[in-house]
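A.B. asks: Following this line is input_11.tsv, made up of TSV, C-alpha atoms:
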chain	number	residue	atom	x	y	z
A	1128	MET	CA	-16.63	17.12	63.64
A	1129	ARG	CA	-14.97	20.24	62.30
A	1130	LYS	CA	-12.39	18.18	60.40
A	1131	ILE	CA	-15.14	16.11	58.81
A	1132	LYS	CA	-16.97	19.25	57.66
A	1133	GLU	CA	-13.75	20.71	56.27
A	1134	ALA	CA	-13.06	17.48	54.36
A	1135	LYS	CA	-16.55	17.55	52.86
A	1136	PHE	CA	-16.11	21.20	51.94
A	1137	ASN	CA	-12.75	20.53	50.28
A	1138	ARG	CA	-14.16	17.63	48.24
A	1139	PHE	CA	-17.09	19.80	47.20
A	1140	THR	CA	-14.72	22.61	46.21
A	1141	VAL	CA	-12.58	20.29	44.08
A	1142	VAL	CA	-15.64	18.84	42.31
A	1143	LEU	CA	-16.99	22.33	41.68
A	1144	ILE	CA	-13.68	23.52	40.23
A	1145	LEU	CA	-13.45	20.50	37.95
A	1146	LEU	CA	-17.03	21.03	36.81
A	1147	LEU	CA	-16.39	24.69	36.04
A	1148	PHE	CA	-13.22	23.71	34.15
A	1149	VAL	CA	-15.13	21.23	31.98
A	1150	ILE	CA	-17.84	23.83	31.30
A	1151	ALA	CA	-15.17	26.36	30.29
A	1152	LEU	CA	-13.56	23.86	27.92
A	1153	ALA	CA	-16.90	23.04	26.36
A	1154	ALA	CA	-17.67	26.73	25.91
A	1155	ALA	CA	-14.31	27.19	24.18
A	1156	GLY	CA	-15.12	24.42	21.73
A	1157	VAL	CA	-12.42	22.10	23.06
A	1158	LEU	CA	-14.74	19.39	24.38
A	1159	GLN	CA	-17.62	18.62	22.06
A	1160	ALA	CA	-20.06	15.76	21.96
A	1161	GLN	CA	-18.61	12.87	20.01
A	1162	LYS	CA	-20.46	9.76	19.04
A	1163	VAL	CA	-18.68	6.46	18.51
A	1164	GLU	CA	-20.84	3.50	17.64
A	1165	VAL	CA	-20.37	-0.02	16.35
A	1166	VAL	CA	-22.77	-1.09	13.60
A	1167	ASN	CA	-22.51	-4.62	12.22
A	1168	GLY	CA	-19.05	-4.87	13.72
A	1169	LEU	CA	-17.81	-1.61	12.13
A	1170	ARG	CA	-16.53	1.29	14.23
A	1171	LEU	CA	-18.21	4.55	13.17
A	1172	VAL	CA	-16.80	7.83	14.50
A	1173	HIS	CA	-18.85	11.02	14.27
A	1174	ASN	CA	-16.52	13.92	15.08
A	1175	LYS	CA	-17.77	17.31	16.20
A	1176	GLY	CA	-16.13	20.59	17.11
A	1177	MET	CA	-12.42	21.41	17.19
A	1178	ARG	CA	-11.72	18.42	19.45
A	1179	THR	CA	-8.95	18.03	21.99
A	1180	TRP	CA	-6.53	20.60	20.61
A	1181	GLY	CA	-8.99	23.44	20.80
A	1182	LYS	CA	-7.69	26.63	19.27
A	1183	LYS	CA	-4.03	25.88	20.06
A	1184	PRO	CA	-2.68	22.95	17.99
A	1185	ALA	CA	-0.64	20.33	19.83
A	1186	VAL	CA	1.69	20.20	16.82
A	1187	ARG	CA	2.94	22.91	14.53
A	1188	LEU	CA	4.47	23.03	11.08
A	1189	GLU	CA	7.90	24.65	10.88
A	1190	PRO	CA	8.69	25.90	7.34
A	1191	VAL	CA	11.85	24.36	5.87
A	1192	ARG	CA	12.03	25.23	2.17
A	1193	LYS	CA	10.15	25.72	-1.06
A	1194	LEU	CA	10.94	23.62	-4.11
A	1195	GLY	CA	10.01	24.89	-7.54
A	1196	ASP	CA	8.03	27.84	-8.80
A	1197	ILE	CA	6.11	28.46	-11.97
A	1198	ASP	CA	8.13	31.66	-12.46
A	1199	SER	CA	11.52	30.07	-11.74
A	1200	THR	CA	14.34	30.82	-14.17
A	1201	ASP	CA	16.05	27.54	-13.27
A	1202	PRO	CA	14.78	24.82	-15.67
A	1203	ASN	CA	15.43	22.17	-13.01
A	1204	THR	CA	12.88	23.72	-10.66
A	1205	THR	CA	10.38	24.98	-13.23
A	1206	PHE	CA	7.68	22.39	-12.66
A	1207	TYR	CA	4.54	21.99	-14.77
A	1208	LEU	CA	1.56	20.31	-13.09
A	1209	PRO	CA	3.65	18.39	-10.52
A	1210	ALA	CA	1.62	15.50	-9.10
A	1211	ALA	CA	3.57	13.68	-6.37
A	1212	VAL	CA	6.48	13.83	-3.95
A	1213	ALA	CA	8.41	10.77	-2.73
A	1214	LEU	CA	11.50	10.21	-0.58
A	1215	ASP	CA	14.03	7.38	-0.72
A	1216	SER	CA	15.73	5.81	2.30
A	1217	ALA	CA	18.53	8.41	2.15
A	1218	GLY	CA	16.04	11.29	2.34
A	1219	ASN	CA	16.47	12.39	-1.28
A	1220	ILE	CA	13.39	14.14	-2.66
A	1221	TYR	CA	11.75	13.05	-5.92
A	1222	VAL	CA	9.18	15.30	-7.60
A	1223	LEU	CA	6.93	13.81	-10.27
A	1224	ASP	CA	6.88	16.69	-12.75
A	1225	THR	CA	3.89	15.46	-14.75
A	1226	GLY	CA	3.57	18.22	-17.33
A	1227	ASN	CA	7.26	17.98	-18.18
A	1228	ASN	CA	7.16	14.16	-18.29
A	1229	ARG	CA	10.07	13.75	-15.90
A	1230	ILE	CA	11.09	13.04	-12.30
A	1231	GLN	CA	13.32	15.62	-10.64
A	1232	LYS	CA	15.62	14.33	-7.91
A	1233	PHE	CA	16.92	16.59	-5.12
A	1234	SER	CA	19.18	15.99	-2.13
A	1235	PRO	CA	17.69	16.12	1.39
A	1236	ASP	CA	18.68	19.80	1.59
A	1237	GLY	CA	16.96	20.62	-1.72
A	1238	LYS	CA	19.94	20.63	-4.09
A	1239	TYR	CA	19.12	19.46	-7.63
A	1240	LEU	CA	20.76	16.13	-8.47
A	1241	THR	CA	19.37	14.63	-11.68
A	1242	THR	CA	16.43	14.21	-14.05
A	1243	ILE	CA	14.80	10.86	-14.79
A	1244	GLY	CA	12.56	10.28	-17.81
A	1245	ARG	CA	11.24	12.20	-20.78
A	1246	MET	CA	8.21	12.34	-23.08
A	1247	GLY	CA	7.60	9.12	-24.98
A	1248	GLN	CA	6.30	5.57	-24.98
A	1249	GLY	CA	9.52	3.61	-24.54
A	1250	PRO	CA	11.18	2.32	-21.36
A	1251	GLY	CA	11.77	5.12	-18.89
A	1252	GLU	CA	9.59	7.50	-20.92
A	1253	PHE	CA	6.27	8.99	-19.82
A	1254	ASN	CA	3.06	10.45	-21.15
A	1255	TYR	CA	1.77	12.68	-18.35
A	1256	PRO	CA	2.60	10.28	-15.50
A	1257	ALA	CA	0.11	10.42	-12.66
A	1258	TRP	CA	1.78	9.01	-9.53
A	1259	LEU	CA	5.12	8.04	-7.99
A	1260	ASP	CA	6.11	5.76	-5.12
A	1261	ILE	CA	9.50	4.36	-4.04
A	1262	ASP	CA	10.26	1.01	-2.42
A	1263	SER	CA	12.86	0.29	0.28
A	1264	THR	CA	15.58	-0.43	-2.32
A	1265	GLY	CA	15.04	2.85	-4.18
A	1266	ASN	CA	13.11	1.50	-7.17
A	1267	LEU	CA	10.62	3.97	-8.65
A	1268	TYR	CA	7.00	2.96	-9.30
A	1269	VAL	CA	5.55	5.34	-11.88
A	1270	THR	CA	1.86	5.26	-12.78
A	1271	ASP	CA	1.73	6.05	-16.52
A	1272	PRO	CA	-1.99	5.83	-17.40
A	1273	PHE	CA	-1.92	7.27	-20.92
A	1274	ASN	CA	0.70	4.68	-21.85
A	1275	GLU	CA	-1.59	2.17	-20.07
A	1276	ARG	CA	1.14	0.85	-17.79
A	1277	LEU	CA	2.89	0.94	-14.46
A	1278	GLN	CA	6.63	1.37	-14.91
A	1279	ILE	CA	9.08	0.12	-12.30
A	1280	LEU	CA	12.45	1.81	-12.74
A	1281	LYS	CA	15.77	1.21	-11.05
A	1282	PRO	CA	17.18	4.10	-8.97
A	1283	ASP	CA	19.15	5.30	-12.02
A	1284	GLY	CA	15.96	5.46	-14.13
A	1285	THR	CA	16.53	2.38	-16.27
A	1286	GLU	CA	13.69	-0.09	-16.72
A	1287	LEU	CA	13.29	-2.90	-14.20
A	1288	LYS	CA	9.78	-4.06	-15.08
A	1289	THR	CA	6.67	-2.82	-16.86
A	1290	ILE	CA	3.15	-3.92	-15.90
A	1291	LYS	CA	0.75	-3.32	-18.76
A	1292	SER	CA	-2.96	-2.70	-18.41
A	1293	ARG	CA	-5.02	-5.87	-18.82
A	1294	GLY	CA	-8.26	-4.14	-19.61
A	1295	ASP	CA	-8.59	-2.60	-16.14
A	1296	ARG	CA	-7.73	0.97	-15.34
A	1297	ILE	CA	-4.20	1.93	-14.30
A	1298	GLY	CA	-4.61	3.89	-11.08
A	1299	ASN	CA	-2.34	5.57	-8.57
A	1300	THR	CA	-0.16	2.82	-7.11
A	1301	PHE	CA	1.63	2.32	-3.79
A	1302	VAL	CA	4.16	-0.47	-3.20
A	1303	ARG	CA	3.74	-2.41	0.05
A	1304	THR	CA	6.48	-3.70	2.31
A	1305	ASP	CA	5.94	-7.22	0.92
A	1306	GLY	CA	6.27	-6.07	-2.71
A	1307	ARG	CA	2.57	-6.26	-3.50
A	1308	LEU	CA	0.89	-3.25	-5.07
A	1309	VAL	CA	-2.05	-1.20	-3.83
A	1310	MET	CA	-3.83	0.41	-6.77
A	1311	GLY	CA	-6.44	3.10	-6.44
A	1312	PRO	CA	-8.55	5.04	-8.94
A	1313	ALA	CA	-7.28	5.98	-12.36
A	1314	ALA	CA	-6.18	9.57	-12.75
A	1315	PHE	CA	-7.48	11.77	-15.59
A	1316	THR	CA	-9.59	8.95	-17.09
A	1317	ILE	CA	-13.26	8.16	-16.55
A	1318	ARG	CA	-14.97	5.41	-18.44
A	1319	PHE	CA	-18.68	5.47	-19.10
A	1320	ALA	CA	-20.78	2.58	-20.30
A	1321	PRO	CA	-21.58	3.23	-23.99
A	1322	SER	CA	-25.23	2.34	-23.51
A	1323	GLU	CA	-27.72	1.51	-20.80
A	1324	GLU	CA	-27.67	-2.15	-21.86
A	1325	LYS	CA	-23.92	-2.48	-21.32
A	1326	LYS	CA	-23.75	-1.23	-17.76
A	1327	PRO	CA	-21.88	-3.57	-15.41
A	1328	ALA	CA	-24.06	-5.84	-13.29
A	1329	GLU	CA	-22.46	-4.45	-10.12
A	1330	LEU	CA	-20.20	-1.58	-9.21
A	1331	PRO	CA	-16.45	-2.30	-9.12
A	1332	ARG	CA	-14.53	-2.27	-5.86
A	1333	LEU	CA	-12.55	0.81	-4.92
A	1334	VAL	CA	-9.09	-0.61	-4.20
A	1335	ARG	CA	-7.14	-3.45	-5.80
A	1336	ILE	CA	-4.25	-5.46	-4.38
A	1337	LEU	CA	-1.93	-6.82	-7.09
A	1338	ASP	CA	1.05	-9.11	-6.89
A	1339	ALA	CA	4.47	-7.99	-8.11
A	1340	ASP	CA	3.55	-9.02	-11.68
A	1341	GLY	CA	0.27	-7.11	-11.73
A	1342	ASN	CA	-2.09	-10.05	-11.14
A	1343	LEU	CA	-5.18	-9.29	-9.08
A	1344	VAL	CA	-4.97	-10.72	-5.56
A	1345	LYS	CA	-7.93	-9.00	-3.96
A	1346	ASP	CA	-10.23	-6.02	-4.35
A	1347	PHE	CA	-12.30	-4.28	-1.70
A	1348	GLY	CA	-14.07	-1.06	-0.72
A	1349	GLU	CA	-17.70	-0.37	-1.51
A	1350	MET	CA	-18.92	2.38	-3.80
A	1351	LEU	CA	-21.95	4.47	-2.94
A	1352	ASP	CA	-24.59	3.42	-5.49
A	1353	LEU	CA	-26.71	6.38	-6.58
A	1354	LYS	CA	-28.29	4.42	-9.46
A	1355	ASP	CA	-26.80	6.82	-11.99
A	1356	GLU	CA	-23.50	6.19	-13.80
A	1357	LEU	CA	-22.45	9.83	-13.89
A	1358	LEU	CA	-23.22	10.43	-10.22
A	1359	ASN	CA	-21.49	7.19	-9.29
A	1360	ASN	CA	-18.33	8.24	-11.14
A	1361	THR	CA	-18.30	11.64	-9.46
A	1362	MET	CA	-19.40	10.83	-5.93
A	1363	ASN	CA	-17.11	7.81	-5.59
A	1364	GLN	CA	-13.91	9.65	-6.45
A	1365	PHE	CA	-11.45	9.12	-3.61
A	1366	LEU	CA	-7.91	9.83	-2.47
A	1367	MET	CA	-5.68	7.20	-0.92
A	1368	THR	CA	-2.55	6.69	1.13
A	1369	VAL	CA	-0.78	3.72	2.76
A	1370	ASP	CA	1.09	3.69	6.08
A	1371	GLU	CA	4.26	1.90	7.20
A	1372	LYS	CA	2.25	-1.18	8.22
A	1373	ASP	CA	0.46	-1.33	4.84
A	1374	ASN	CA	-2.85	-0.11	6.29
A	1375	ILE	CA	-4.84	1.78	3.66
A	1376	TYR	CA	-6.67	5.09	4.14
A	1377	LEU	CA	-9.30	6.66	1.89
A	1378	THR	CA	-10.98	10.04	1.89
A	1379	PHE	CA	-13.74	11.12	-0.49
A	1380	PRO	CA	-13.84	14.66	-1.94
A	1381	HIS	CA	-17.63	14.60	-2.38
A	1382	GLN	CA	-18.60	12.51	0.64
A	1383	ASN	CA	-18.13	13.16	4.35
A	1384	ARG	CA	-16.27	9.87	4.64
A	1385	ILE	CA	-12.79	8.84	5.82
A	1386	GLU	CA	-11.92	5.14	6.06
A	1387	LYS	CA	-9.11	2.92	7.32
A	1388	TYR	CA	-8.54	-0.61	6.01
A	1389	SER	CA	-6.13	-3.27	7.21
A	1390	ALA	CA	-3.48	-4.60	4.84
A	1391	ASP	CA	-5.78	-7.49	3.92
A	1392	GLY	CA	-8.66	-5.16	3.05
A	1393	LYS	CA	-10.77	-5.30	6.20
A	1394	LEU	CA	-12.59	-2.04	6.93
A	1395	LEU	CA	-11.47	-1.01	10.43
A	1396	TRP	CA	-13.33	2.26	10.88
A	1397	ARG	CA	-15.22	4.98	9.08
A	1398	ALA	CA	-15.25	8.57	10.29
A	1399	ASP	CA	-17.03	11.79	9.46
A	1400	ARG	CA	-16.81	15.30	10.90
A	1401	GLU	CA	-18.68	18.58	11.03
A	1402	LEU	CA	-18.41	20.64	7.84
A	1403	PRO	CA	-19.55	24.26	7.40
A	1404	TYR	CA	-21.24	23.42	4.07
A	1405	SER	CA	-23.45	20.77	2.55
A	1406	LEU	CA	-22.30	17.93	0.30
A	1407	GLU	CA	-25.72	17.39	-1.20
A	1408	ILE	CA	-25.91	17.09	-4.98
A	1409	ILE	CA	-26.60	20.48	-6.58
A	1410	ASP	CA	-26.95	19.26	-10.17
A	1411	LYS	CA	-27.00	15.64	-11.36
A	1412	GLY	CA	-25.22	16.47	-14.60
A	1413	LYS	CA	-26.03	14.88	-17.93
A	1414	ILE	CA	-24.68	12.40	-20.46
A	1415	GLU	CA	-25.82	12.64	-24.06
A	1416	ARG	CA	-24.99	9.94	-26.59
A	1417	LYS	CA	-25.40	10.35	-30.32
A	1418	GLY	CA	-24.18	7.38	-32.30
A	1419	THR	CA	-20.58	6.79	-31.26
A	1420	GLY	CA	-20.23	10.28	-29.78
A	1421	ILE	CA	-20.71	11.28	-26.18
A	1422	SER	CA	-20.94	14.62	-24.39
A	1423	VAL	CA	-20.80	14.98	-20.63
A	1424	MET	CA	-21.94	17.71	-18.27
A	1425	GLN	CA	-20.41	16.88	-14.90
A	1426	PRO	CA	-22.54	16.87	-11.73
A	1427	ARG	CA	-22.24	19.85	-9.41
A	1428	VAL	CA	-21.54	19.12	-5.75
A	1429	ASN	CA	-19.44	20.84	-3.10
A	1430	ARG	CA	-16.02	19.41	-2.32
A	1431	SER	CA	-14.53	18.67	1.11
A	1432	SER	CA	-11.36	16.55	1.15
A	1433	VAL	CA	-8.43	17.51	-1.08
A	1434	ALA	CA	-5.62	15.14	-0.01
A	1435	ILE	CA	-4.67	12.59	2.64
A	1436	ALA	CA	-1.47	11.35	4.32
A	1437	VAL	CA	-0.51	9.42	7.46
A	1438	ASP	CA	2.48	9.96	9.73
A	1439	GLY	CA	4.67	7.49	11.62
A	1440	LYS	CA	2.45	7.71	14.70
A	1441	GLY	CA	-0.58	6.61	12.72
A	1442	ARG	CA	-2.19	10.05	12.74
A	1443	VAL	CA	-4.23	10.73	9.65
A	1444	TRP	CA	-3.80	14.15	8.02
A	1445	VAL	CA	-6.57	15.30	5.68
A	1446	VAL	CA	-6.39	18.53	3.69
A	1447	THR	CA	-9.95	19.85	3.88
A	1448	LEU	CA	-11.72	22.89	2.53
A	1449	ALA	CA	-12.66	25.26	5.34
A	1450	ARG	CA	-15.04	26.87	2.87
A	1451	GLN	CA	-15.87	26.40	-0.77
A	1452	LEU	CA	-13.60	28.20	-3.23
A	1453	LYS	CA	-14.76	31.48	-4.65
A	1454	LYS	CA	-15.24	31.70	-8.40
A	1455	GLU	CA	-12.04	33.70	-8.81
A	1456	GLU	CA	-10.11	31.01	-6.89
A	1457	GLU	CA	-11.20	28.06	-9.00
A	1458	VAL	CA	-8.81	26.42	-11.46
A	1459	GLY	CA	-8.83	23.21	-13.45
A	1460	ILE	CA	-7.01	21.19	-16.08
A	1461	ALA	CA	-8.09	21.25	-19.72
A	1462	MET	CA	-7.20	18.00	-21.42
A	1463	GLY	CA	-6.95	17.37	-25.15
A	1464	MET	CA	-6.24	14.23	-27.12
A	1465	THR	CA	-5.35	13.74	-30.78
A	1466	MET	CA	-4.39	10.74	-32.89
A	1467	SER	CA	-1.37	10.80	-35.18
A	1468	PRO	CA	0.66	8.20	-37.11
A	1469	SER	CA	3.00	7.99	-34.12
A	1470	GLY	CA	0.14	7.28	-31.71
A	1471	ARG	CA	-2.16	9.11	-29.33
A	1472	GLN	CA	-1.02	12.55	-28.21
A	1473	THR	CA	-2.27	14.03	-24.95
A	1474	THR	CA	-2.07	17.64	-23.82
A	1475	MET	CA	-2.87	19.22	-20.46
A	1476	LYS	CA	-3.14	22.85	-19.55
A	1477	PRO	CA	-4.35	24.58	-16.39
A	1478	TYR	CA	-7.11	27.15	-16.71
A	1479	GLY	CA	-8.55	29.75	-14.35
A	1480	ASN	CA	-6.81	32.37	-12.21
A	1481	THR	CA	-3.48	30.63	-11.65
A	1482	ASP	CA	-1.85	33.86	-10.45
A	1483	LEU	CA	-3.36	33.54	-6.94
A	1484	ARG	CA	-1.00	32.09	-4.34
A	1485	GLU	CA	-2.64	32.74	-0.95
A	1486	THR	CA	-6.06	31.80	0.44
A	1487	ASP	CA	-7.75	30.95	3.72
A	1488	ALA	CA	-9.90	28.23	2.13
A	1489	TYR	CA	-7.79	25.24	3.27
A	1490	LYS	CA	-7.03	23.61	6.59
A	1491	LEU	CA	-5.37	20.45	7.90
A	1492	GLU	CA	-7.54	18.10	9.94
A	1493	VAL	CA	-5.63	15.58	12.05
A	1494	PHE	CA	-7.19	12.33	13.33
A	1495	ASP	CA	-5.80	9.73	15.71
A	1496	PRO	CA	-5.25	6.11	14.56
A	1497	GLU	CA	-8.83	5.25	15.58
A	1498	GLY	CA	-10.52	8.03	13.59
A	1499	VAL	CA	-11.02	10.54	16.42
A	1500	LYS	CA	-10.35	14.10	15.33
A	1501	LEU	CA	-7.50	15.63	17.33
A	1502	GLY	CA	-7.66	19.12	15.87
A	1503	GLU	CA	-6.99	21.28	12.87
A	1504	ILE	CA	-4.36	23.66	11.52
A	1505	PRO	CA	-5.37	26.57	9.27
A	1506	LEU	CA	-3.42	27.03	6.03
A	1507	GLN	CA	-2.72	30.15	4.01
A	1508	GLN	CA	-2.01	28.56	0.63
A	1509	PHE	CA	-3.63	26.49	-2.09
A	1510	VAL	CA	-3.05	22.76	-1.64
A	1511	ASP	CA	-3.51	19.88	-4.09
A	1512	GLY	CA	-1.55	17.18	-2.29
A	1513	ILE	CA	0.05	16.21	1.02
A	1514	PHE	CA	2.97	13.80	1.61
A	1515	ILE	CA	4.55	12.80	4.94
A	1516	TYR	CA	7.85	10.99	5.49
A	1517	GLY	CA	9.03	10.83	9.09
A	1518	ASP	CA	8.74	14.34	10.47
A	1519	ARG	CA	8.89	15.93	7.00
A	1520	LEU	CA	5.61	17.14	5.55
A	1521	PHE	CA	5.19	18.38	1.98
A	1522	LEU	CA	2.27	20.43	0.65
A	1523	LEU	CA	1.87	20.47	-3.12
A	1524	ASP	CA	0.47	23.43	-5.08
A	1525	ARG	CA	-0.03	21.85	-8.45
A	1526	MET	CA	-1.79	24.31	-10.73
A	1527	ARG	CA	-1.00	27.76	-9.37
A	1528	GLY	CA	2.52	28.07	-8.03
A	1529	ALA	CA	3.62	24.65	-9.34
A	1530	SER	CA	5.67	24.27	-6.17
A	1531	ILE	CA	6.22	22.14	-3.08
A	1532	GLN	CA	6.44	23.57	0.43
A	1533	GLU	CA	8.40	21.46	2.91
A	1534	PHE	CA	7.67	21.65	6.64
A	1535	ARG	CA	8.92	19.88	9.74
A	1536	ILE	CA	6.31	18.50	12.12
A	1537	LYS	CA	7.15	19.83	15.58
In structure tokens, write the structure found in this file.
C.D. replies:
Amino acid sequence: MRKIKEAKFNRFTVVLILLLFVIALAAAGVLQAQKVEVVNGLRLVHNKGMRTWGKKPAVRLEPVRKLGDIDSTDPNTTFYLPAAVALDSAGNIYVLDTGNNRIQKFSPDGKYLTTIGRMGQGPGEFNYPAWLDIDSTGNLYVTDPFNERLQILKPDGTELKTIKSRGDRIGNTFVRTDGRLVMGPAAFTIRFAPSEEKKPAELPRLVRILDADGNLVKDFGEMLDLKDELLNNTMNQFLMTVDEKDNIYLTFPHQNRIEKYSADGKLLWRADRELPYSLEIIDKGKIERKGTGISVMQPRVNRSSVAIAVDGKGRVWVVTLARQLKKEEEVGIAMGMTMSPSGRQTTMKPYGNTDLRETDAYKLEVFDPEGVKLGEIPLQQFVDGIFIYGDRLFLLDRMRGASIQEFRIK
């Protein structure tokens, strides 16, 4: 009888200890209520709290090097509005130096190797290129929206193929493993219907799949329809990345919305998470048309997501604002356009307090391949882009330091 009582007592003690442990984890913010539901066949993940990592991240970022600086005296590392980072199969680093209309190539250890491209409209020339991707053979895919084309260059920078715009926008483009192209939203350009009568009958899809010659294969991804062209243009802005299996990931700066699509465009899941601020519309903005002229006052709404990337384990990394930027932290790009006998000339210039380098306004949120938030890592710098290749992670500061910080995921 005594042994039976002792066994019951021991089982009770173990259960009590486990219960107290769970309560302690919940109090620390490690275990929070999470709701996963399936609606019309779609997995919806509603993330809350800091999730499984708690306050101690399961991964850390080990600083490796910094590439470029706005105050650099080396012309090869003096970037101007850099927009993208890509790696080839040998680990060489390519920086799309948008404002200087060139691509800077560096060795895996950061040594400058060569420059590809220059300002112009000919083969291998750019007019504020917006995006860069590299295929398995080292060919460069350069989104060149102001020249209304996607240029495909050989590794030495000579022209391989040019895909011209066919009336649709030229957006940021990723090359898939099968050679097809995944094209997202156009950078720097927003088109508005010239009159109420000429609005499209339905909103366009978000993402387009093109064949190697630029022909449309499929489009997918639904816009949020707010019944207002200006709000639709603003609220449906999104950022995109593609993983090693050609799955496609979207995050929306002005919506609490992260999505994963299969390579054939099927929506696999949609996730949201707790944010310490609202994403409700503050001001709807205004469009005024007078004859052939148009003036635009953009809508005002808080911003959440800044950039997105995915690693080799399928984890989704989203650069998110931990708080809204203060007025003295805000910067932007002023864009001008003039016509001359030689063609259209575009200029870009950052404005605002570009001297700031450090801030606590940004963090990295990391999600598992099914959209469940694993945890977050606080950042101490301004971030405009994130790029992951293997265990190498790059954070891009585009308008302030004009630099790239490389880290190793440990």
A.B. asks: For a test of reading the model, state the distance in Å between atom CA of A:Leu1333 and atom CA of A:Met1350, rounded to one decimal.
C.D. replies: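 Separation of atom CA of A:Leu1333 and atom CA of A:Met1350: 6.7 Å.
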A.B. asks: Select, counting all atoms listed in the file, all protein, DNA and RNA residues no farther than 10 Å from (-0.4, 1.7, 13.6) in file coordinates, and express the selection as a PyMOL selection string.
C.D. replies: chain A and resi 1370-1374+1389+1437-1442+1495-1497
A.B. asks: So that I can check the surroundings of A:Asn1203, please list as a list in words every protein, DNA and RNA residue that reaches within 10 Å of it, counting all atoms listed in the file and ignoring chain neighbours fewer than 4 positions away.
C.D. replies: Gly1195, Ser1199, Gln1231, Lys1232, Phe1233, Tyr1239, Leu1240, Thr1241 and Thr1242 of chain A
A.B. asks: Nearest residue to A:Ile1261 out of A:Asn1227, A:Ser1216, A:Phe1273, A:Gly1244, using all atoms listed in the file?
C.D. replies: A:Ser1216
A.B. asks: Which of these, A:Tyr1516, A:Phe1494, A:Tyr1376, A:Phe1509, has the shortest distance to A:Thr1481 once you count all atoms listed in the file?
C.D. replies: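 Going through A:Tyr1516, A:Phe1494, A:Tyr1376, A:Phe1509 one by one, the smallest distance to A:Thr1481 is for A:Phe1509.
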A.B. asks: Show which residues sit within 9 Å of stretch 1410-1417 of chain A, as a PyMOL selection string. Count only C-alpha atoms, and ignore same-chain residues fewer than 3 positions away.
C.D. replies: chain A and resi 1321-1322+1355+1357-1358+1420-1428
A.B. asks: Which stretch 1394-1435 of chain A residues have any atom within 12 Å of an atom of stretch 1450-1461 of chain A, and for each, what is the nearest pair of atoms with distance in Å to one decimal, counting all atoms listed in the file, rows sorted by chain and number, as CSV?
C.D. replies:
residue,atom,partner,partner_atom,distance
A:Leu1402,CA,A:Arg1450,CA,8.7
A:Pro1403,CA,A:Arg1450,CA,6.9
A:Tyr1404,CA,A:Arg1450,CA,7.2
A:Ser1405,CA,A:Gln1451,CA,10.0
A:Leu1406,CA,A:Gln1451,CA,10.7
A:Val1428,CA,A:Gln1451,CA,10.5
A:Asn1429,CA,A:Gln1451,CA,7.0
A:Arg1430,CA,A:Gln1451,CA,7.2
A:Ser1431,CA,A:Gln1451,CA,8.1
A:Ser1432,CA,A:Gln1451,CA,11.0
A:Val1433,CA,A:Gln1451,CA,11.6
A.B. asks: A:Lys1537, A:Arg1519, A:Arg1527, A:Lys1387: which is nearest A:Val1212, counting all atoms listed in the file?
C.D. replies: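 Of A:Lys1537, A:Arg1519, A:Arg1527, A:Lys1387, the one nearest A:Val1212 is A:Arg1519, counting all atoms listed in the file.
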A.B. asks: Given the choices A:Ile1336, A:Leu1523, A:Ile1515, A:Leu1188, which gets closest to A:Asp1224 if the distance is worked out from only C-alpha atoms?
C.D. replies: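 Ranking A:Ile1336, A:Leu1523, A:Ile1515, A:Leu1188 by distance to A:Asp1224, first place goes to A:Leu1523.
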A.B. asks: With only C-alpha atoms as the basis for distance, which of A:Met1475, A:Ile1220, A:Ile1513, A:Val1499 is at the shortest distance from A:Thr1447?
C.D. replies: A:Ile1513
A.B. asks: Measure the distance from atom CA of A:Thr1378 to atom CA of A:Leu1394 in Å and round it to one decimal.
C.D. replies: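 Distance between the two atoms: 13.2 Å.
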A.B. asks: Calculated over all atoms listed in the file, which of the candidates A:Gly1517, A:Gln1472, A:Val1510, A:Arg1535 has the smallest distance to A:Gly1247?
C.D. replies: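 Using all atoms listed in the file, the shortest distance to A:Gly1247 belongs to A:Gln1472.
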A.B. asks: Show me, as a PDB file with C-alpha atoms, in the frame of the given file, the residues that have an atom within 7 Å of A:Asp1487 when counting only C-alpha atoms, minus same-chain residues fewer than 2 positions from it.
C.D. replies:
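To be explicit, this is the file written out as selection_22.pdb:
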ATOM      1  CA  TYR A1489      -7.790  25.240   3.270  1.00  0.00           C
ATOM      2  CA  LEU A1506      -3.420  27.030   6.030  1.00  0.00           C
ATOM      3  CA  GLN A1507      -2.720  30.150   4.010  1.00  0.00           C
ATOM      4  CA  GLN A1508      -2.010  28.560   0.630  1.00  0.00           C
TER       5      GLN A1508
END
A.B. asks: Just to confirm, what's the straight-line distance from atom CA of A:Ile1197 to atom CA of A:Thr1473 in Å (one decimal)?
C.D. replies: 21.1 Å
A.B. asks: Name all residues at most 8 Å from A:Asp1338 (count only C-alpha atoms; drop same-chain ones fewer than 2 positions away) and give them as a PyMOL selection string.
C.D. replies: chain A and resi 1306-1308+1336+1340-1344
A.B. asks: Set the distance at 10 Å and use all atoms listed in the file: which residues neighbour stretch 1252-1260 of chain A once local chain neighbours fewer than 6 positions away are removed? I'd like the list as a ChimeraX atom specification.
C.D. replies: /A:1208-1215,1221-1230,1243-1246,1266-1279,1284-1286,1297-1303,1313-1315,1471-1475
A.B. asks: Once 8 Å is added on each side, what centre and edge lengths in Å to one decimal does the axis-aligned box around all listed atoms of stretch 1244-1248 of chain A have, as lines of an AutoDock Vina configuration file?
C.D. replies:
center_x = 9.4
center_y = 9.0
center_z = -21.4
size_x = 22.3
size_y = 22.8
size_z = 23.2
